[in-house]
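So this block is query11.cif, mmCIF, C-alpha atoms:
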data_target
loop_
_atom_site.label_atom_id
_atom_site.label_comp_id
_atom_site.auth_asym_id
_atom_site.auth_seq_id
_atom_site.Cartn_x
_atom_site.Cartn_y
_atom_site.Cartn_z
CA MET Y 296 0.00 0.00 0.00
CA LYS Y 297 2.86 2.35 0.83
CA LYS Y 298 4.40 1.68 -2.59
CA VAL Y 299 1.14 2.57 -4.36
CA LEU Y 300 0.71 5.74 -2.31
CA PHE Y 301 4.35 6.70 -2.96
CA SER Y 302 3.88 6.08 -6.72
CA VAL Y 303 0.76 8.26 -6.86
CA VAL Y 304 2.46 11.11 -4.98
CA TRP Y 305 5.54 10.78 -7.22
CA CYS Y 306 3.37 10.98 -10.38
CA LEU Y 307 1.54 14.03 -9.06
CA MET Y 308 4.84 15.78 -8.38
CA LEU Y 309 6.14 15.01 -11.88
CA CYS Y 310 2.91 16.21 -13.49
CA SER Y 311 2.87 19.45 -11.52
CA SER Y 312 6.51 20.21 -12.37
CA ALA Y 313 5.84 19.51 -16.08
CA MET Y 314 2.83 21.83 -16.00
CA ALA Y 315 4.90 24.53 -14.30
CA ALA Y 316 7.58 24.18 -16.99
CA ASP Y 317 4.92 24.55 -19.71
CA ALA Y 318 3.51 27.65 -17.99
CA GLU Y 319 6.96 29.27 -17.97
CA GLN Y 320 7.34 28.95 -21.75
CA LYS Y 321 6.26 32.00 -23.68
CA PRO Y 322 3.23 31.37 -25.86
CA THR Y 323 3.78 31.33 -29.60
CA PRO Y 324 2.25 34.42 -31.17
CA SER Y 325 -0.81 33.45 -33.17
CA GLN Y 326 -1.51 34.55 -36.72
CA PRO Y 327 -4.38 37.00 -37.03
CA ARG Y 328 -7.41 35.27 -38.52
CA VAL Y 329 -9.75 36.82 -41.01
CA SER Y 330 -13.34 36.25 -40.08
CA ILE Y 331 -15.84 36.43 -42.91
CA PHE Y 332 -19.37 37.08 -41.75
CA SER Y 333 -22.11 37.73 -44.22
CA THR Y 334 -24.55 40.46 -43.29
CA SER Y 335 -27.06 38.71 -45.52
CA THR Y 336 -27.97 36.39 -42.67
CA ASP Y 337 -30.45 38.94 -41.31
CA TRP Y 338 -31.43 41.02 -44.32
CA GLU Y 339 -35.02 39.97 -43.77
CA GLY Y 340 -34.92 41.25 -40.21
CA LEU Y 341 -33.16 44.46 -41.17
CA THR Y 342 -35.41 45.34 -44.11
CA GLY Y 343 -38.74 43.74 -43.26
CA LEU Y 344 -38.67 42.16 -46.74
CA ARG Y 345 -38.83 38.41 -47.37
CA TYR Y 346 -36.53 36.25 -49.47
CA SER Y 347 -37.78 34.57 -52.62
CA GLU Y 348 -35.90 32.17 -54.85
CA TYR Y 349 -35.05 33.35 -58.34
CA ARG Y 350 -33.68 31.32 -61.23
CA GLY Y 351 -31.60 32.75 -64.03
CA LYS Y 352 -31.39 31.90 -67.69
CA PHE Y 353 -28.74 33.22 -70.04
CA VAL Y 354 -28.95 34.56 -73.55
CA SER Y 355 -25.67 33.51 -75.10
CA SER Y 356 -23.17 35.81 -76.77
CA SER Y 357 -20.71 34.12 -79.10
CA GLY Y 358 -18.13 36.87 -78.55
CA LEU Y 359 -18.01 36.33 -74.79
CA VAL Y 360 -18.67 32.57 -74.63
CA GLY Y 361 -16.00 31.37 -77.06
CA ARG Y 362 -15.23 27.70 -76.29
CA GLY Y 363 -17.03 28.02 -73.00
CA LEU Y 364 -17.69 30.49 -70.23
CA VAL Y 365 -17.62 29.66 -66.52
CA LEU Y 366 -19.56 32.08 -64.31
CA TYR Y 367 -19.66 32.19 -60.51
CA TYR Y 368 -22.33 34.41 -59.00
CA LEU Y 369 -21.02 37.03 -56.56
CA ASP Y 370 -23.29 37.65 -53.58
CA GLY Y 371 -24.52 41.22 -53.29
CA PHE Y 372 -27.52 43.05 -51.94
CA PRO Y 373 -30.37 42.19 -52.46
CA CYS Y 374 -29.35 38.58 -53.24
CA TYR Y 375 -27.09 35.74 -52.24
CA GLY Y 376 -26.29 32.50 -54.07
CA LEU Y 377 -27.91 29.20 -53.18
CA GLY Y 378 -25.48 26.28 -52.88
CA GLU Y 379 -24.81 24.58 -56.19
CA GLY Y 380 -26.71 27.31 -58.03
CA VAL Y 381 -23.82 29.77 -58.12
CA ARG Y 382 -21.72 28.09 -60.86
CA VAL Y 383 -22.86 27.99 -64.46
CA TRP Y 384 -21.00 26.86 -67.56
CA ILE Y 385 -22.26 28.26 -70.85
CA GLY Y 386 -20.96 26.74 -74.04
CA PRO Y 387 -21.19 27.32 -77.74
CA ASN Y 388 -24.46 26.45 -79.50
CA ASN Y 389 -26.54 27.33 -76.40
CA LYS Y 390 -25.20 24.41 -74.36
CA HIS Y 391 -25.07 24.94 -70.63
CA GLU Y 392 -24.42 23.17 -67.35
CA GLY Y 393 -25.73 24.34 -64.02
CA GLU Y 394 -28.44 26.82 -63.23
CA LEU Y 395 -28.28 30.17 -61.51
CA GLN Y 396 -30.27 29.97 -58.27
CA ILE Y 397 -30.29 32.92 -55.91
CA ALA Y 398 -32.37 34.11 -52.96
CA CYS Y 399 -33.36 37.77 -53.16
CA LEU Y 400 -35.38 40.28 -51.20
CA TYR Y 401 -36.57 41.62 -54.55
CA ALA Y 402 -35.65 41.04 -58.19
CA PRO Y 403 -32.21 42.50 -58.92
CA THR Y 404 -31.63 44.83 -61.85
CA GLU Y 405 -27.91 44.01 -62.04
CA ILE Y 406 -25.77 41.11 -60.88
CA LYS Y 407 -22.06 40.36 -60.90
CA PHE Y 408 -20.14 37.22 -61.73
CA THR Y 409 -16.54 36.16 -61.75
CA TRP Y 410 -15.78 34.78 -65.18
CA ARG Y 411 -13.24 32.87 -67.19
CA ASN Y 412 -13.25 31.13 -70.52
CA ALA Y 413 -12.95 27.36 -70.19
CA THR Y 414 -14.38 24.12 -71.50
CA ARG Y 415 -17.16 22.33 -69.63
CA ASP Y 416 -15.03 19.85 -67.71
CA ALA Y 417 -12.15 22.20 -66.91
CA ASP Y 418 -11.01 22.09 -63.31
CA GLN Y 419 -11.84 25.00 -61.06
CA ALA Y 420 -9.18 27.63 -61.54
CA GLN Y 421 -8.69 31.32 -60.93
CA SER Y 422 -11.20 33.44 -62.75
CA THR Y 423 -10.28 36.42 -64.93
CA GLY Y 424 -12.25 39.23 -63.33
CA ILE Y 425 -15.75 40.61 -62.81
CA LEU Y 426 -18.60 40.56 -65.30
CA ILE Y 427 -21.40 43.07 -64.57
CA CYS Y 428 -24.72 42.16 -66.14
CA PRO Y 429 -28.09 43.90 -66.35
CA VAL Y 430 -31.01 41.65 -65.46
CA GLU Y 431 -34.55 41.51 -66.75
CA SER Y 432 -37.10 39.81 -64.53
CA SER Y 433 -40.43 38.17 -65.12
CA GLY Y 434 -41.85 36.83 -61.89
CA ARG Y 435 -39.17 34.63 -60.35
CA GLU Y 436 -37.32 34.16 -63.67
CA LEU Y 437 -34.28 36.30 -64.40
CA THR Y 438 -32.86 36.77 -67.88
CA ILE Y 439 -29.22 37.71 -68.32
CA ASP Y 440 -28.28 38.72 -71.87
CA LEU Y 441 -24.52 38.18 -72.03
CA GLU Y 442 -24.30 40.57 -74.99
CA LYS Y 443 -25.26 43.42 -72.60
CA CYS Y 444 -22.76 42.50 -69.85
CA GLU Y 445 -19.72 44.64 -69.23
CA LYS Y 446 -16.35 43.28 -68.28
CA GLY Y 447 -15.12 44.87 -65.10
CA PRO Y 448 -11.48 45.05 -64.07
CA ASP Y 449 -9.34 41.92 -64.13
CA TRP Y 450 -8.12 40.74 -60.73
CA SER Y 451 -4.60 41.93 -61.54
CA GLU Y 452 -5.94 45.51 -61.73
CA TYR Y 453 -7.13 45.48 -58.09
CA LYS Y 454 -4.71 46.76 -55.51
#
Could the structure of this file be written out as structure tokens, please?
Amino acid sequence: MKKVLFSVVWCLMLCSSAMAADAEQKPTPSQPRVSIFSTSTDWEGLTGLRYSEYRGKFVSSSGLVGRGLVLYYLDGFPCYGLGEGVRVWIGPNNKHEGELQIACLYAPTEIKFTWRNATRDADQAQSTGILICPVESSGRELTIDLEKCEKGPDWSEYK
């Protein structure tokens, strides 16, 4: 019994000295973390308006589409993207993959995308820049005529 009691006391002493040694070490400075919080989480509460789901269809433009055009919807008041509905590939001959699905407080008159030219099965890669598009709405359907979109600055132009 004395041996067990001695062993327990000895272990407690070792543990307390190890903890004291750890406490004496200076903590490693931590890297500042960027916290991204979307204010869209309470737009309904802030505005008194209610979200509705909108779906977008595209009118193709051969000059912009080329061999294919990958668009990613950029969240912005009064809308935010819904899951898989933020990526759309538009190809030649009116082919497409994906569907624009966004939740909005009201129908937008303009939306923004990141864009890059790529084939349908191209891996996700850095986009070229911003594409700013006027939107026509009919009920919950949005029409984006790519011929009327304007290319914004390329990412390399931002500082």
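Atom CA of Y:Leu369 is found 17.9 Å from atom CA of Y:Glu392.
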d(atom CA of Y:Gln396, atom CA of Y:Gly351) in Å: 6.5 Å
Find the residues around Y:Gly343 up to 12 Å (only C-alpha atoms counted), leave out those fewer than 6 positions away in its own chain, and share them as a PyMOL selection string. chain Y and resi 337+400-401
Output the residue selection produced by the PyMOL selection byres ((chain Y and resi 356) around 10) on the file above, formatted as a PDB file with C-alpha atoms, keeping the file's coordinate frame.
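Result saved to result-v5.pdb:
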ATOM      1  CA  PHE Y 353     -28.740  33.220 -70.040  1.00  0.00           C
ATOM      2  CA  VAL Y 354     -28.950  34.560 -73.550  1.00  0.00           C
ATOM      3  CA  SER Y 355     -25.670  33.510 -75.100  1.00  0.00           C
ATOM      4  CA  SER Y 357     -20.710  34.120 -79.100  1.00  0.00           C
ATOM      5  CA  GLY Y 358     -18.130  36.870 -78.550  1.00  0.00           C
ATOM      6  CA  LEU Y 359     -18.010  36.330 -74.790  1.00  0.00           C
ATOM      7  CA  VAL Y 360     -18.670  32.570 -74.630  1.00  0.00           C
ATOM      8  CA  GLY Y 361     -16.000  31.370 -77.060  1.00  0.00           C
ATOM      9  CA  ILE Y 385     -22.260  28.260 -70.850  1.00  0.00           C
ATOM     10  CA  GLY Y 386     -20.960  26.740 -74.040  1.00  0.00           C
ATOM     11  CA  PRO Y 387     -21.190  27.320 -77.740  1.00  0.00           C
ATOM     12  CA  ASN Y 388     -24.460  26.450 -79.500  1.00  0.00           C
ATOM     13  CA  ASN Y 389     -26.540  27.330 -76.400  1.00  0.00           C
ATOM     14  CA  ASP Y 440     -28.280  38.720 -71.870  1.00  0.00           C
ATOM     15  CA  LEU Y 441     -24.520  38.180 -72.030  1.00  0.00           C
ATOM     16  CA  GLU Y 442     -24.300  40.570 -74.990  1.00  0.00           C
ATOM     17  CA  LYS Y 443     -25.260  43.420 -72.600  1.00  0.00           C
ATOM     18  CA  CYS Y 444     -22.760  42.500 -69.850  1.00  0.00           C
TER      19      CYS Y 444
END
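Using only C-alpha atoms for every distance, the candidate list Y:Ala398, Y:Lys407, Y:Arg382, Y:Leu366 yields Y:Ala398 as the residue closest to Y:Glu436.
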Using the chain letters and numbers from the file, give me the residues hit by the PyMOL selection byres ((chain Y and resi 339) around 12), as a VMD selection string. chain Y and resid 334 to 338 340 to 347 372 to 374 398 to 401
List the residues sitting within 10 Å of (-16.5, 29.7, -66.6) in the file's frame, using only C-alpha atoms, as a PDB file with C-alpha atoms, in the frame of the given file.
ATOM      1  CA  VAL Y 360     -18.670  32.570 -74.630  1.00  0.00           C
ATOM      2  CA  ARG Y 362     -15.230  27.700 -76.290  1.00  0.00           C
ATOM      3  CA  GLY Y 363     -17.030  28.020 -73.000  1.00  0.00           C
ATOM      4  CA  LEU Y 364     -17.690  30.490 -70.230  1.00  0.00           C
ATOM      5  CA  VAL Y 365     -17.620  29.660 -66.520  1.00  0.00           C
ATOM      6  CA  LEU Y 366     -19.560  32.080 -64.310  1.00  0.00           C
ATOM      7  CA  TYR Y 367     -19.660  32.190 -60.510  1.00  0.00           C
ATOM      8  CA  ARG Y 382     -21.720  28.090 -60.860  1.00  0.00           C
ATOM      9  CA  VAL Y 383     -22.860  27.990 -64.460  1.00  0.00           C
ATOM     10  CA  TRP Y 384     -21.000  26.860 -67.560  1.00  0.00           C
ATOM     11  CA  ILE Y 385     -22.260  28.260 -70.850  1.00  0.00           C
ATOM     12  CA  GLY Y 386     -20.960  26.740 -74.040  1.00  0.00           C
ATOM     13  CA  PHE Y 408     -20.140  37.220 -61.730  1.00  0.00           C
ATOM     14  CA  THR Y 409     -16.540  36.160 -61.750  1.00  0.00           C
ATOM     15  CA  TRP Y 410     -15.780  34.780 -65.180  1.00  0.00           C
ATOM     16  CA  ARG Y 411     -13.240  32.870 -67.190  1.00  0.00           C
ATOM     17  CA  ASN Y 412     -13.250  31.130 -70.520  1.00  0.00           C
ATOM     18  CA  ALA Y 413     -12.950  27.360 -70.190  1.00  0.00           C
ATOM     19  CA  THR Y 414     -14.380  24.120 -71.500  1.00  0.00           C
ATOM     20  CA  ARG Y 415     -17.160  22.330 -69.630  1.00  0.00           C
ATOM     21  CA  ALA Y 417     -12.150  22.200 -66.910  1.00  0.00           C
ATOM     22  CA  ASP Y 418     -11.010  22.090 -63.310  1.00  0.00           C
ATOM     23  CA  GLN Y 419     -11.840  25.000 -61.060  1.00  0.00           C
ATOM     24  CA  ALA Y 420      -9.180  27.630 -61.540  1.00  0.00           C
ATOM     25  CA  GLN Y 421      -8.690  31.320 -60.930  1.00  0.00           C
ATOM     26  CA  SER Y 422     -11.200  33.440 -62.750  1.00  0.00           C
ATOM     27  CA  THR Y 423     -10.280  36.420 -64.930  1.00  0.00           C
TER      28      THR Y 423
END
In Å and to one decimal, atom CA of Y:Thr404 is distant from atom CA of Y:Tyr368 by 14.3 Å
Determine, counting all atoms listed in the file, which protein, DNA and RNA residues have an atom within 9 Å of an atom of Y:Pro448; residues of the same chain fewer than 4 positions away are not included. Present the result as a ChimeraX atom specification. /Y:423-426,452-453
Rebuild stretch 383-412 of chain Y to N, CA and C atoms - output it as a compact mmCIF listing (two decimals), keeping the file's coordinate frame, please.
# COMPACT_ATOMS: atom_id res chain seq x y z
N VAL Y 383 -22.21 28.31 -63.20
CA VAL Y 383 -22.86 27.99 -64.46
C VAL Y 383 -21.80 27.95 -65.55
N TRP Y 384 -21.86 26.91 -66.38
CA TRP Y 384 -21.00 26.86 -67.56
C TRP Y 384 -21.90 27.07 -68.77
N ILE Y 385 -21.51 27.98 -69.63
CA ILE Y 385 -22.26 28.26 -70.85
C ILE Y 385 -21.32 27.97 -72.01
N GLY Y 386 -21.80 27.14 -72.92
CA GLY Y 386 -20.96 26.74 -74.04
C GLY Y 386 -21.49 27.24 -75.36
N PRO Y 387 -20.73 26.95 -76.41
CA PRO Y 387 -21.19 27.32 -77.74
C PRO Y 387 -22.47 26.56 -78.09
N ASN Y 388 -23.22 27.08 -79.03
CA ASN Y 388 -24.46 26.45 -79.50
C ASN Y 388 -25.50 26.31 -78.40
N ASN Y 389 -25.55 27.28 -77.48
CA ASN Y 389 -26.54 27.33 -76.40
C ASN Y 389 -26.49 26.14 -75.45
N LYS Y 390 -25.36 25.47 -75.35
CA LYS Y 390 -25.20 24.41 -74.36
C LYS Y 390 -24.95 25.08 -73.02
N HIS Y 391 -25.36 24.41 -71.95
CA HIS Y 391 -25.07 24.94 -70.63
C HIS Y 391 -25.08 23.82 -69.60
N GLU Y 392 -24.45 24.10 -68.47
CA GLU Y 392 -24.42 23.17 -67.35
C GLU Y 392 -24.55 23.99 -66.09
N GLY Y 393 -25.46 23.59 -65.24
CA GLY Y 393 -25.73 24.34 -64.02
C GLY Y 393 -26.84 25.34 -64.25
N GLU Y 394 -27.34 25.85 -63.16
CA GLU Y 394 -28.44 26.82 -63.23
C GLU Y 394 -28.24 27.86 -62.13
N LEU Y 395 -28.39 29.11 -62.49
CA LEU Y 395 -28.28 30.17 -61.51
C LEU Y 395 -29.49 30.12 -60.58
N GLN Y 396 -29.23 29.97 -59.29
CA GLN Y 396 -30.27 29.97 -58.27
C GLN Y 396 -29.84 30.91 -57.15
N ILE Y 397 -30.63 31.94 -56.93
CA ILE Y 397 -30.29 32.92 -55.91
C ILE Y 397 -31.53 33.25 -55.07
N ALA Y 398 -31.30 33.65 -53.84
CA ALA Y 398 -32.37 34.11 -52.96
C ALA Y 398 -32.26 35.63 -52.87
N CYS Y 399 -33.39 36.31 -53.12
CA CYS Y 399 -33.36 37.77 -53.16
C CYS Y 399 -34.52 38.35 -52.37
N LEU Y 400 -34.31 39.55 -51.86
CA LEU Y 400 -35.38 40.28 -51.20
C LEU Y 400 -36.32 40.89 -52.24
N TYR Y 401 -35.79 41.17 -53.41
CA TYR Y 401 -36.57 41.62 -54.55
C TYR Y 401 -35.74 41.33 -55.79
N ALA Y 402 -36.35 41.36 -56.95
CA ALA Y 402 -35.65 41.04 -58.19
C ALA Y 402 -34.54 42.04 -58.44
N PRO Y 403 -33.32 41.57 -58.66
CA PRO Y 403 -32.21 42.50 -58.92
C PRO Y 403 -32.29 43.07 -60.34
N THR Y 404 -31.71 44.22 -60.53
CA THR Y 404 -31.63 44.83 -61.85
C THR Y 404 -30.24 44.65 -62.45
N GLU Y 405 -29.28 44.23 -61.61
CA GLU Y 405 -27.91 44.01 -62.04
C GLU Y 405 -27.30 42.96 -61.12
N ILE Y 406 -26.51 42.07 -61.70
CA ILE Y 406 -25.77 41.11 -60.88
C ILE Y 406 -24.35 41.00 -61.41
N LYS Y 407 -23.48 40.47 -60.55
CA LYS Y 407 -22.06 40.36 -60.90
C LYS Y 407 -21.63 38.91 -60.80
N PHE Y 408 -20.72 38.56 -61.69
CA PHE Y 408 -20.14 37.22 -61.73
C PHE Y 408 -18.62 37.35 -61.81
N THR Y 409 -17.92 36.33 -61.32
CA THR Y 409 -16.54 36.16 -61.75
C THR Y 409 -16.65 35.34 -63.02
N TRP Y 410 -15.69 35.49 -63.92
CA TRP Y 410 -15.78 34.78 -65.18
C TRP Y 410 -14.42 34.33 -65.65
N ARG Y 411 -14.43 33.32 -66.47
CA ARG Y 411 -13.24 32.87 -67.19
C ARG Y 411 -13.70 32.01 -68.34
N ASN Y 412 -12.95 32.00 -69.40
CA ASN Y 412 -13.25 31.13 -70.52
C ASN Y 412 -12.62 29.77 -70.27
